[in-house]
file query20.pdb (PDB, C-alpha atoms (C1' of nucleotides))
ATOM      1  CA  MET D 168      -7.357  25.512  -3.537  1.00  0.00           C
ATOM      2  CA  THR D 169      -3.789  26.446  -2.688  1.00  0.00           C
ATOM      3  CA  ARG D 170      -1.342  23.599  -3.113  1.00  0.00           C
ATOM      4  CA  ILE D 171       1.740  23.374  -0.903  1.00  0.00           C
ATOM      5  CA  VAL D 172       4.679  21.779  -2.680  1.00  0.00           C
ATOM      6  CA  GLY D 173       8.443  21.429  -2.571  1.00  0.00           C
ATOM      7  CA  GLU D 174      10.480  22.359   0.488  1.00  0.00           C
ATOM      8  CA  GLU D 175       7.553  23.946   2.294  1.00  0.00           C
ATOM      9  CA  ALA D 176       5.650  20.670   2.007  1.00  0.00           C
ATOM     10  CA  ARG D 177       8.723  18.746   3.144  1.00  0.00           C
ATOM     11  CA  ARG D 178       8.879  20.767   6.349  1.00  0.00           C
ATOM     12  CA  LEU D 179       5.221  20.031   7.003  1.00  0.00           C
ATOM     13  CA  ILE D 180       5.561  16.264   6.745  1.00  0.00           C
ATOM     14  CA  LEU D 181       8.933  15.985   8.483  1.00  0.00           C
ATOM     15  CA  GLY D 182       8.392  14.578  11.950  1.00  0.00           C
ATOM     16  CA  PRO D 183       6.608  11.793  13.814  1.00  0.00           C
ATOM     17  CA  ALA D 184       4.780   9.475  11.434  1.00  0.00           C
ATOM     18  CA  ASP D 185       1.513   9.743  13.325  1.00  0.00           C
ATOM     19  CA  LYS D 186       1.504  13.497  12.814  1.00  0.00           C
ATOM     20  CA  ALA D 187       2.499  13.164   9.164  1.00  0.00           C
ATOM     21  CA  ALA D 188      -0.230  10.566   8.580  1.00  0.00           C
ATOM     22  CA  ARG D 189      -2.831  13.062   9.786  1.00  0.00           C
ATOM     23  CA  ARG D 190      -1.351  15.900   7.753  1.00  0.00           C
ATOM     24  CA  LEU D 191      -1.362  13.845   4.570  1.00  0.00           C
ATOM     25  CA  ILE D 192      -5.126  13.322   4.626  1.00  0.00           C
ATOM     26  CA  GLY D 193      -6.495  15.617   1.921  1.00  0.00           C
ATOM     27  CA  ALA D 194      -3.171  15.943   0.105  1.00  0.00           C
ATOM     28  CA  VAL D 195      -3.227  15.307  -3.627  1.00  0.00           C
ATOM     29  CA  LEU D 196      -1.089  12.596  -5.183  1.00  0.00           C
ATOM     30  CA  VAL D 197      -0.281  13.199  -8.849  1.00  0.00           C
ATOM     31  CA  ARG D 198       1.085  10.653 -11.292  1.00  0.00           C
ATOM     32  CA  VAL D 199       2.477  11.974 -14.571  1.00  0.00           C
ATOM     33  CA  LEU D 200       2.670   9.081 -17.025  1.00  0.00           C
ATOM     34  CA  PRO D 201       5.446   8.771 -19.619  1.00  0.00           C
ATOM     35  CA  THR D 202       2.803   9.842 -22.171  1.00  0.00           C
ATOM     36  CA  GLY D 203       2.312  13.082 -20.267  1.00  0.00           C
ATOM     37  CA  GLU D 204      -1.153  12.121 -19.089  1.00  0.00           C
ATOM     38  CA  ARG D 205      -2.046  13.014 -15.505  1.00  0.00           C
ATOM     39  CA  LEU D 206      -3.675  10.801 -12.906  1.00  0.00           C
ATOM     40  CA  SER D 207      -4.449  12.213  -9.491  1.00  0.00           C
ATOM     41  CA  GLY D 208      -6.454  11.768  -6.337  1.00  0.00           C
ATOM     42  CA  ARG D 209      -6.993  13.097  -2.810  1.00  0.00           C
ATOM     43  CA  ILE D 210      -5.524  10.999  -0.039  1.00  0.00           C
ATOM     44  CA  VAL D 211      -8.365   9.843   2.224  1.00  0.00           C
ATOM     45  CA  GLU D 212      -6.709   7.049   4.248  1.00  0.00           C
ATOM     46  CA  THR D 213      -3.221   6.661   5.734  1.00  0.00           C
ATOM     47  CA  GLU D 214      -1.344   4.583   8.279  1.00  0.00           C
ATOM     48  CA  ALA D 215       1.648   5.664  10.370  1.00  0.00           C
ATOM     49  CA  TYR D 216       4.706   3.409  10.708  1.00  0.00           C
ATOM     50  CA  LEU D 217       6.628   5.013  13.537  1.00  0.00           C
ATOM     51  CA  GLY D 218      10.193   3.767  13.247  1.00  0.00           C
ATOM     52  CA  VAL D 219      12.592   1.175  14.558  1.00  0.00           C
ATOM     53  CA  ARG D 220      10.528   0.530  17.707  1.00  0.00           C
ATOM     54  CA  ASP D 221       7.327  -0.151  15.730  1.00  0.00           C
ATOM     55  CA  ARG D 222       6.967  -3.892  15.475  1.00  0.00           C
ATOM     56  CA  ALA D 223       4.742  -3.592  12.381  1.00  0.00           C
ATOM     57  CA  SER D 224       7.278  -1.527  10.448  1.00  0.00           C
ATOM     58  CA  HIS D 225       9.576  -2.961   7.826  1.00  0.00           C
ATOM     59  CA  ALA D 226      12.331  -1.114   9.692  1.00  0.00           C
ATOM     60  CA  PHE D 227      11.538  -2.675  13.085  1.00  0.00           C
ATOM     61  CA  GLY D 228      14.652  -3.125  15.171  1.00  0.00           C
ATOM     62  CA  GLY D 229      16.670  -1.060  12.724  1.00  0.00           C
ATOM     63  CA  ARG D 230      16.350  -3.585   9.932  1.00  0.00           C
ATOM     64  CA  ARG D 231      17.899  -2.061   6.824  1.00  0.00           C
ATOM     65  CA  THR D 232      17.957  -4.018   3.571  1.00  0.00           C
ATOM     66  CA  ALA D 233      17.844  -3.365  -0.153  1.00  0.00           C
ATOM     67  CA  ARG D 234      14.044  -3.443  -0.034  1.00  0.00           C
ATOM     68  CA  ASN D 235      13.487  -0.846   2.679  1.00  0.00           C
ATOM     69  CA  GLU D 236      16.473   1.381   1.984  1.00  0.00           C
ATOM     70  CA  SER D 237      14.156   4.194   0.857  1.00  0.00           C
ATOM     71  CA  MET D 238      12.720   4.424   4.359  1.00  0.00           C
ATOM     72  CA  TYR D 239      16.081   5.753   5.536  1.00  0.00           C
ATOM     73  CA  ARG D 240      16.438   8.441   2.895  1.00  0.00           C
ATOM     74  CA  GLY D 241      14.505  11.242   4.575  1.00  0.00           C
ATOM     75  CA  ALA D 242      11.187  13.063   4.390  1.00  0.00           C
ATOM     76  CA  GLY D 243       9.631  13.380   0.961  1.00  0.00           C
ATOM     77  CA  VAL D 244      11.052  10.197  -0.497  1.00  0.00           C
ATOM     78  CA  GLY D 245       8.590   7.613  -1.777  1.00  0.00           C
ATOM     79  CA  TYR D 246       8.920   4.049  -0.499  1.00  0.00           C
ATOM     80  CA  VAL D 247       7.337   1.532  -2.884  1.00  0.00           C
ATOM     81  CA  TYR D 248       7.489  -2.171  -2.109  1.00  0.00           C
ATOM     82  CA  PHE D 249       6.140  -5.353  -3.669  1.00  0.00           C
ATOM     83  CA  THR D 250       4.158  -7.795  -1.578  1.00  0.00           C
ATOM     84  CA  TYR D 251       2.086 -10.975  -1.780  1.00  0.00           C
ATOM     85  CA  GLY D 252       3.700 -11.709  -5.104  1.00  0.00           C
ATOM     86  CA  MET D 253       1.421  -9.312  -6.949  1.00  0.00           C
ATOM     87  CA  HIS D 254       0.807  -5.956  -5.297  1.00  0.00           C
ATOM     88  CA  PHE D 255       2.736  -2.740  -4.771  1.00  0.00           C
ATOM     89  CA  CYS D 256       2.255  -0.405  -1.810  1.00  0.00           C
ATOM     90  CA  PHE D 257       3.236   3.266  -1.649  1.00  0.00           C
ATOM     91  CA  ASN D 258       4.537   5.179   1.368  1.00  0.00           C
ATOM     92  CA  VAL D 259       5.673   8.732   1.983  1.00  0.00           C
ATOM     93  CA  VAL D 260       8.814   8.809   4.124  1.00  0.00           C
ATOM     94  CA  CYS D 261       8.571  11.424   6.893  1.00  0.00           C
ATOM     95  CA  GLY D 262      11.643  10.934   9.085  1.00  0.00           C
ATOM     96  CA  GLU D 263      15.029  12.601   9.124  1.00  0.00           C
ATOM     97  CA  VAL D 264      17.680  10.977   6.968  1.00  0.00           C
ATOM     98  CA  GLY D 265      18.648   7.767   8.752  1.00  0.00           C
ATOM     99  CA  GLU D 266      15.395   7.562  10.720  1.00  0.00           C
ATOM    100  CA  PRO D 267      12.973   5.174   8.992  1.00  0.00           C
ATOM    101  CA  ALA D 268       9.514   6.629   9.669  1.00  0.00           C
ATOM    102  CA  ALA D 269       6.894   6.517   6.924  1.00  0.00           C
ATOM    103  CA  VAL D 270       3.206   6.818   6.089  1.00  0.00           C
ATOM    104  CA  LEU D 271       1.425   4.152   4.053  1.00  0.00           C
ATOM    105  CA  VAL D 272      -1.118   5.644   1.648  1.00  0.00           C
ATOM    106  CA  ARG D 273      -4.089   3.258   1.780  1.00  0.00           C
ATOM    107  CA  ALA D 274      -6.735   4.997  -0.307  1.00  0.00           C
ATOM    108  CA  ILE D 275      -7.289   8.007  -2.525  1.00  0.00           C
ATOM    109  CA  GLU D 276     -10.352   9.657  -4.015  1.00  0.00           C
ATOM    110  CA  PRO D 277      -9.793   9.744  -7.793  1.00  0.00           C
ATOM    111  CA  LEU D 278      -9.731  13.223  -9.344  1.00  0.00           C
ATOM    112  CA  GLU D 279      -7.997  13.208 -12.744  1.00  0.00           C
ATOM    113  CA  GLY D 280      -7.563  10.375 -15.234  1.00  0.00           C
ATOM    114  CA  ILE D 281     -10.389   8.262 -13.887  1.00  0.00           C
ATOM    115  CA  GLU D 282     -10.960   6.368 -17.142  1.00  0.00           C
ATOM    116  CA  LEU D 283      -7.262   5.523 -17.392  1.00  0.00           C
ATOM    117  CA  MET D 284      -7.379   4.294 -13.814  1.00  0.00           C
ATOM    118  CA  ARG D 285     -10.370   2.123 -14.641  1.00  0.00           C
ATOM    119  CA  GLU D 286      -8.572   0.585 -17.618  1.00  0.00           C
ATOM    120  CA  ARG D 287      -5.526  -0.253 -15.513  1.00  0.00           C
ATOM    121  CA  ARG D 288      -7.597  -1.750 -12.736  1.00  0.00           C
ATOM    122  CA  GLU D 289      -9.834  -3.828 -14.989  1.00  0.00           C
ATOM    123  CA  LEU D 290      -6.947  -5.111 -17.088  1.00  0.00           C
ATOM    124  CA  GLY D 291      -4.992  -5.933 -13.969  1.00  0.00           C
ATOM    125  CA  ALA D 292      -7.887  -7.722 -12.356  1.00  0.00           C
ATOM    126  CA  ARG D 293      -8.450  -9.777 -15.492  1.00  0.00           C
ATOM    127  CA  ARG D 294      -4.785 -10.724 -15.674  1.00  0.00           C
ATOM    128  CA  THR D 295      -4.809 -11.800 -12.033  1.00  0.00           C
ATOM    129  CA  ARG D 296      -7.837 -13.996 -12.540  1.00  0.00           C
ATOM    130  CA  THR D 297      -6.800 -15.701 -15.738  1.00  0.00           C
ATOM    131  CA  GLY D 298      -3.028 -15.609 -15.775  1.00  0.00           C
ATOM    132  CA  GLY D 299      -2.990 -13.739 -19.058  1.00  0.00           C
ATOM    133  CA  THR D 300      -5.253 -16.073 -21.000  1.00  0.00           C
ATOM    134  CA  PRO D 301      -8.324 -14.643 -22.715  1.00  0.00           C
ATOM    135  CA  ALA D 302     -10.870 -13.478 -20.186  1.00  0.00           C
ATOM    136  CA  SER D 303     -14.064 -15.383 -19.582  1.00  0.00           C
ATOM    137  CA  PRO D 304     -17.322 -13.705 -20.637  1.00  0.00           C
ATOM    138  CA  ALA D 305     -18.034 -13.014 -16.985  1.00  0.00           C
ATOM    139  CA  ALA D 306     -14.657 -11.359 -16.537  1.00  0.00           C
ATOM    140  CA  GLU D 307     -15.179  -9.233 -19.616  1.00  0.00           C
ATOM    141  CA  LYS D 308     -18.364  -7.843 -18.112  1.00  0.00           C
ATOM    142  CA  LYS D 309     -16.567  -6.766 -14.979  1.00  0.00           C
ATOM    143  CA  ALA D 310     -16.935  -2.990 -14.647  1.00  0.00           C
ATOM    144  CA  LEU D 311     -15.401  -1.236 -11.684  1.00  0.00           C
ATOM    145  CA  ARG D 312     -17.184   1.704 -10.087  1.00  0.00           C
ATOM    146  CA  ASP D 313     -15.174   4.854  -9.302  1.00  0.00           C
ATOM    147  CA  VAL D 314     -15.179   4.012  -5.615  1.00  0.00           C
ATOM    148  CA  GLU D 315     -13.458   0.675  -6.314  1.00  0.00           C
ATOM    149  CA  LEU D 316     -10.527   2.128  -8.254  1.00  0.00           C
ATOM    150  CA  CYS D 317      -8.242   3.300  -5.439  1.00  0.00           C
ATOM    151  CA  ASN D 318      -9.756   2.093  -2.138  1.00  0.00           C
ATOM    152  CA  GLY D 319      -6.794   0.025  -1.000  1.00  0.00           C
ATOM    153  CA  PRO D 320      -2.996   0.305  -1.010  1.00  0.00           C
ATOM    154  CA  GLY D 321      -2.489  -2.221  -3.797  1.00  0.00           C
ATOM    155  CA  LYS D 322      -5.442  -0.958  -5.808  1.00  0.00           C
ATOM    156  CA  LEU D 323      -4.288   2.652  -5.876  1.00  0.00           C
ATOM    157  CA  CYS D 324      -0.814   1.610  -7.017  1.00  0.00           C
ATOM    158  CA  GLN D 325      -2.346  -0.422  -9.829  1.00  0.00           C
ATOM    159  CA  ALA D 326      -4.663   2.441 -10.844  1.00  0.00           C
ATOM    160  CA  MET D 327      -1.906   5.074 -10.690  1.00  0.00           C
ATOM    161  CA  GLY D 328       0.794   2.972 -12.315  1.00  0.00           C
ATOM    162  CA  ILE D 329       3.035   3.032  -9.242  1.00  0.00           C
ATOM    163  CA  ASP D 330       5.627   0.260  -9.232  1.00  0.00           C
ATOM    164  CA  ARG D 331       9.203  -0.521  -8.245  1.00  0.00           C
ATOM    165  CA  GLU D 332      10.568   2.086 -10.653  1.00  0.00           C
ATOM    166  CA  LEU D 333       9.150   4.816  -8.432  1.00  0.00           C
ATOM    167  CA  ASP D 334      10.753   3.486  -5.264  1.00  0.00           C
ATOM    168  CA  GLY D 335      13.094   6.101  -3.854  1.00  0.00           C
ATOM    169  CA  VAL D 336      11.919   9.051  -5.927  1.00  0.00           C
ATOM    170  CA  ASP D 337      11.430  12.430  -4.273  1.00  0.00           C
ATOM    171  CA  VAL D 338       7.686  13.085  -4.408  1.00  0.00           C
ATOM    172  CA  LEU D 339       8.229  16.759  -3.560  1.00  0.00           C
ATOM    173  CA  SER D 340      10.069  17.423  -6.814  1.00  0.00           C
ATOM    174  CA  ASP D 341       8.426  17.765 -10.229  1.00  0.00           C
ATOM    175  CA  GLY D 342       8.818  14.143 -11.240  1.00  0.00           C
ATOM    176  CA  ALA D 343       6.646  11.248 -12.324  1.00  0.00           C
ATOM    177  CA  LEU D 344       5.011  11.059  -8.889  1.00  0.00           C
ATOM    178  CA  ARG D 345       4.219  14.222  -6.976  1.00  0.00           C
ATOM    179  CA  LEU D 346       2.644  15.137  -3.683  1.00  0.00           C
ATOM    180  CA  GLU D 347       0.790  18.421  -3.202  1.00  0.00           C
ATOM    181  CA  LEU D 348      -0.429  19.344   0.268  1.00  0.00           C
ATOM    182  CA  THR D 349      -3.605  21.292   0.902  1.00  0.00           C
ATOM    183  CA  ALA D 350      -5.049  22.974   3.960  1.00  0.00           C
ATOM    184  CA  PRO D 351      -5.327  20.459   6.832  1.00  0.00           C
ATOM    185  CA  VAL D 352      -8.489  18.365   6.819  1.00  0.00           C
ATOM    186  CA  ARG D 353     -10.435  18.925  10.022  1.00  0.00           C
ATOM    187  CA  ARG D 354     -12.771  15.981  10.102  1.00  0.00           C
ATOM    188  CA  LEU D 355     -10.669  12.910  10.722  1.00  0.00           C
ATOM    189  CA  GLY D 356     -11.456   9.416  11.902  1.00  0.00           C
ATOM    190  CA  ARG D 357      -8.950   6.970  13.325  1.00  0.00           C
ATOM    191  CA  GLY D 358      -8.642   3.248  13.831  1.00  0.00           C
ATOM    192  CA  THR D 359      -6.137   0.429  14.085  1.00  0.00           C
ATOM    193  CA  ARG D 360      -3.839  -0.503  11.237  1.00  0.00           C
ATOM    194  CA  ILE D 361      -4.847  -3.262   8.841  1.00  0.00           C
ATOM    195  CA  GLY D 362      -3.022  -6.486   8.022  1.00  0.00           C
ATOM    196  CA  ILE D 363      -0.484  -6.397  10.840  1.00  0.00           C
ATOM    197  CA  ASP D 364      -1.931  -8.993  13.200  1.00  0.00           C
ATOM    198  CA  SER D 365       1.493 -10.426  13.965  1.00  0.00           C
ATOM    199  CA  ALA D 366       2.694  -7.143  15.438  1.00  0.00           C
ATOM    200  CA  GLY D 367       1.523  -7.951  18.971  1.00  0.00           C
ATOM    201  CA  ALA D 368       0.659  -4.936  21.108  1.00  0.00           C
ATOM    202  CA  TRP D 369       1.511  -2.625  18.228  1.00  0.00           C
ATOM    203  CA  ALA D 370      -1.469  -3.986  16.317  1.00  0.00           C
ATOM    204  CA  ALA D 371      -3.767  -2.316  18.858  1.00  0.00           C
ATOM    205  CA  ARG D 372      -2.349   1.174  18.373  1.00  0.00           C
ATOM    206  CA  ARG D 373      -4.727   3.457  16.522  1.00  0.00           C
ATOM    207  CA  LEU D 374      -2.357   4.659  13.841  1.00  0.00           C
ATOM    208  CA  ARG D 375      -4.744   4.579  10.887  1.00  0.00           C
ATOM    209  CA  TRP D 376      -6.373   7.814   9.748  1.00  0.00           C
ATOM    210  CA  VAL D 377      -9.234   8.536   7.377  1.00  0.00           C
ATOM    211  CA  GLU D 378     -11.163  11.533   6.201  1.00  0.00           C
ATOM    212  CA  ALA D 379     -14.378  11.250   8.214  1.00  0.00           C
ATOM    213  CA  GLY D 380     -17.333  10.339   6.059  1.00  0.00           C
ATOM    214  CA  SER D 381     -15.342   9.603   2.904  1.00  0.00           C
ATOM    215  CA  GLY D 382     -16.790   6.856   0.761  1.00  0.00           C
ATOM    216  CA  PHE D 383     -13.414   6.182  -0.851  1.00  0.00           C
ATOM    217  CA  VAL D 384     -11.647   4.490   2.075  1.00  0.00           C
ATOM    218  CA  SER D 385     -10.686   0.802   2.029  1.00  0.00           C
ATOM    219  CA  ARG D 386     -12.796   0.103   5.106  1.00  0.00           C
ATOM    220  CA  PRO D 387     -14.657   2.276   7.592  1.00  0.00           C
ATOM    221  CA  VAL D 388     -13.141   2.973  11.003  1.00  0.00           C
ATOM    222  CA  GLY D 389     -14.781   2.783  14.376  1.00  0.00           C
ATOM    223  CA  LYS D 390     -16.562  -0.494  13.828  1.00  0.00           C
ATOM    224  CA  ALA D 391     -15.815  -3.864  15.346  1.00  0.00           C
ATOM    225  CA  SER D 392     -14.952  -5.380  11.977  1.00  0.00           C
ATOM    226  CA  ALA D 393     -11.749  -7.322  11.461  1.00  0.00           C
ATOM    227  CA  GLY D 394      -8.819  -4.948  11.563  1.00  0.00           C
ATOM    228  CA  GLU D 395     -10.362  -2.603  14.083  1.00  0.00           C
TER     229      GLU D 395
ATOM    230  C1'  DA W 108      20.173 -23.295  -1.129  1.00  0.00           C
ATOM    231  C1'  DT W 109      15.885 -23.459   1.145  1.00  0.00           C
ATOM    232  C1'  DG W 110      11.543 -22.386   3.333  1.00  0.00           C
ATOM    233  C1'  DA W 111       8.200 -19.398   5.475  1.00  0.00           C
ATOM    234  C1'  DC W 112       5.772 -15.415   4.976  1.00  0.00           C
ATOM    235  C1'  DG W 113       3.682 -11.019   3.666  1.00  0.00           C
ATOM    236  C1'  DA W 114       1.602  -3.020   5.470  1.00  0.00           C
ATOM    237  C1'  DT W 115      -3.319  -7.474  -0.409  1.00  0.00           C
ATOM    238  C1'  DT W 116      -7.005  -8.519  -3.418  1.00  0.00           C
ATOM    239  C1'  DT W 117     -10.322 -11.413  -5.300  1.00  0.00           C
ATOM    240  C1'  DA W 118     -13.548 -15.102  -5.677  1.00  0.00           C
ATOM    241  C1'  DC W 119     -16.140 -18.382  -3.577  1.00  0.00           C
ATOM    242  C1'  DT W 120     -19.073 -21.094   0.279  1.00  0.00           C
TER     243       DT W 120
ATOM    244  C1'  DG Q 192     -16.934 -16.073   6.775  1.00  0.00           C
ATOM    245  C1'  DT Q 193     -12.458 -18.888   4.111  1.00  0.00           C
ATOM    246  C1'  DA Q 194      -9.049 -19.745   0.585  1.00  0.00           C
ATOM    247  C1'  DA Q 195      -6.285 -19.041  -3.471  1.00  0.00           C
ATOM    248  C1'  DA Q 196      -3.205 -16.439  -6.231  1.00  0.00           C
ATOM    249  C1'  DT Q 197       1.903 -15.622  -6.685  1.00  0.00           C
ATOM    250  C1'  DC Q 198       6.888 -14.316  -5.926  1.00  0.00           C
ATOM    251  C1'  DG Q 199      10.419 -11.252  -3.837  1.00  0.00           C
ATOM    252  C1'  DT Q 200      12.571 -10.905   0.503  1.00  0.00           C
ATOM    253  C1'  DC Q 201      14.695 -12.419   4.537  1.00  0.00           C
ATOM    254  C1'  DA Q 202      16.387 -15.428   8.090  1.00  0.00           C
ATOM    255  C1'  DT Q 203      18.486 -19.714   8.686  1.00  0.00           C
ATOM    256  C1'  DA Q 204      21.686 -23.237   7.346  1.00  0.00           C
TER     257       DA Q 204
END
call {"tool": "encode", "arguments": {"input": "query20.pdb", "output": "structure tokens"}}
result
Amino acid sequence: MTRIVGEEARRLILGPADKAARRLIGAVLVRVLPTGERLSGRIVETEAYLGVRDRASHAFGGRRTARNESMYRGAGVGYVYFTYGMHFCFNVVCGEVGEPAAVLVRAIEPLEGIELMRERRELGARRTRTGGTPASPAAEKKALRDVELCNGPGKLCQAMGIDRELDGVDVLSDGALRLELTAPVRRLGRGTRIGIDSAGAWAARRLRWVEAGSGFVSRPVGKASAGE
DNA sequence: ATGACGATTTACT
DNA sequence: GTAAATCGTCATA
């Protein structure tokens, strides 16, 4: 399948975050490790963070700090932040320079490097549970299925090795983290964003997008479960 | 300097 | 369903 990269891709994602969030479904995210090994996956779930008026956005009200500086650097920049004391989340910035709009990548369908992803996820999970001490027999038996490797914003960062060092990189250049667009995905589902309950009326906006029918999303849309 | 909290994940009842 | 883990960031003082 034809991959759209570089400046052509930048033009396609530049604009309102809701539009960019839809366009990014189906795009391929590629991580090139320092060893040269490749990890990649198709984006199957995104959320739009519209800009300074969006109460759920880190840039709400024009807030601009060291943490969210990348959001202001223009379309194609990656915004990686650390949260809950243990997880990273990855966004693709889609606004003009100075306008902090971005798309949170919430889930990908693993394509390349699946066994490396599994190692990272299982090691990480063990470390979280035991604080670095030897794992219990039960923990050692823990085996993650493919569908559990990247079905959440923190999980995919752990699997792909995305951390603070990749904050601010241009994902439309040939670097350690690359974005390759494909033809638009037709079958989309939408729902409300997850984990933003304190955002008032903005929490009700349906700014979350998934590839319809994908089994690799963090949670299905369209049901009355928490977060919908 | 301090305290509250988070665009999450996991385990447990 | 609920709670714990775990710490950088930010607003307040």
call {"tool": "interface_residues", "arguments": {"input": "query20.pdb", "of": "chain D", "to": "chain W", "cutoff": "9 Å", "atoms": "all atoms listed in the file", "output": "ChimeraX atom specification"}}
result
/D:214,216,223-225,250-256,271,292,295-296,319-322,360-363
call {"tool": "atom_distance", "arguments": {"input": "query20.pdb", "atom1": "CA of Ser385 (chain D)", "atom2": "CA of Val244 (chain D)"}}
result
23.8 Å
call {"tool": "interface_residues", "arguments": {"input": "query20.pdb", "of": "chain Q", "to": "chain D", "cutoff": "10 Å", "atoms": "all atoms listed in the file", "output": "PyMOL selection string"}}
result
chain Q and resi 196-201
call {"tool": "residues_near_point", "arguments": {"input": "query20.pdb", "point": "(0.6, 23.0, -5.6)", "cutoff": "8 Å", "atoms": "all atoms listed in the file", "output": "list in words"}}
result
Thr169, Arg170, Ile171, Val172, Glu347, Leu348 and Thr349 of chain D
call {"tool": "atom_distance", "arguments": {"input": "query20.pdb", "atom1": "CA of Tyr239 (chain D)", "atom2": "CA of Ala226 (chain D)"}}
result
8.9 Å
call {"tool": "atom_distance", "arguments": {"input": "query20.pdb", "atom1": "CA of Pro387 (chain D)", "atom2": "CA of Arg354 (chain D)"}}
result
14.1 Å
call {"tool": "resolve_selection", "arguments": {"input": "query20.pdb", "expression": "the PyMOL selection byres ((chain D and resi 191) around 9)", "output": "PyMOL selection string"}}
result
chain D and resi 180+186-190+192-195+210-213+270+272+348-349+351-352
call {"tool": "closest_residue", "arguments": {"input": "query20.pdb", "among": "D:Ala368, D:Leu290, D:Ile275, D:Leu311", "to": "Phe383 (chain D)", "atoms": "all atoms listed in the file"}}
result
D:Ile275
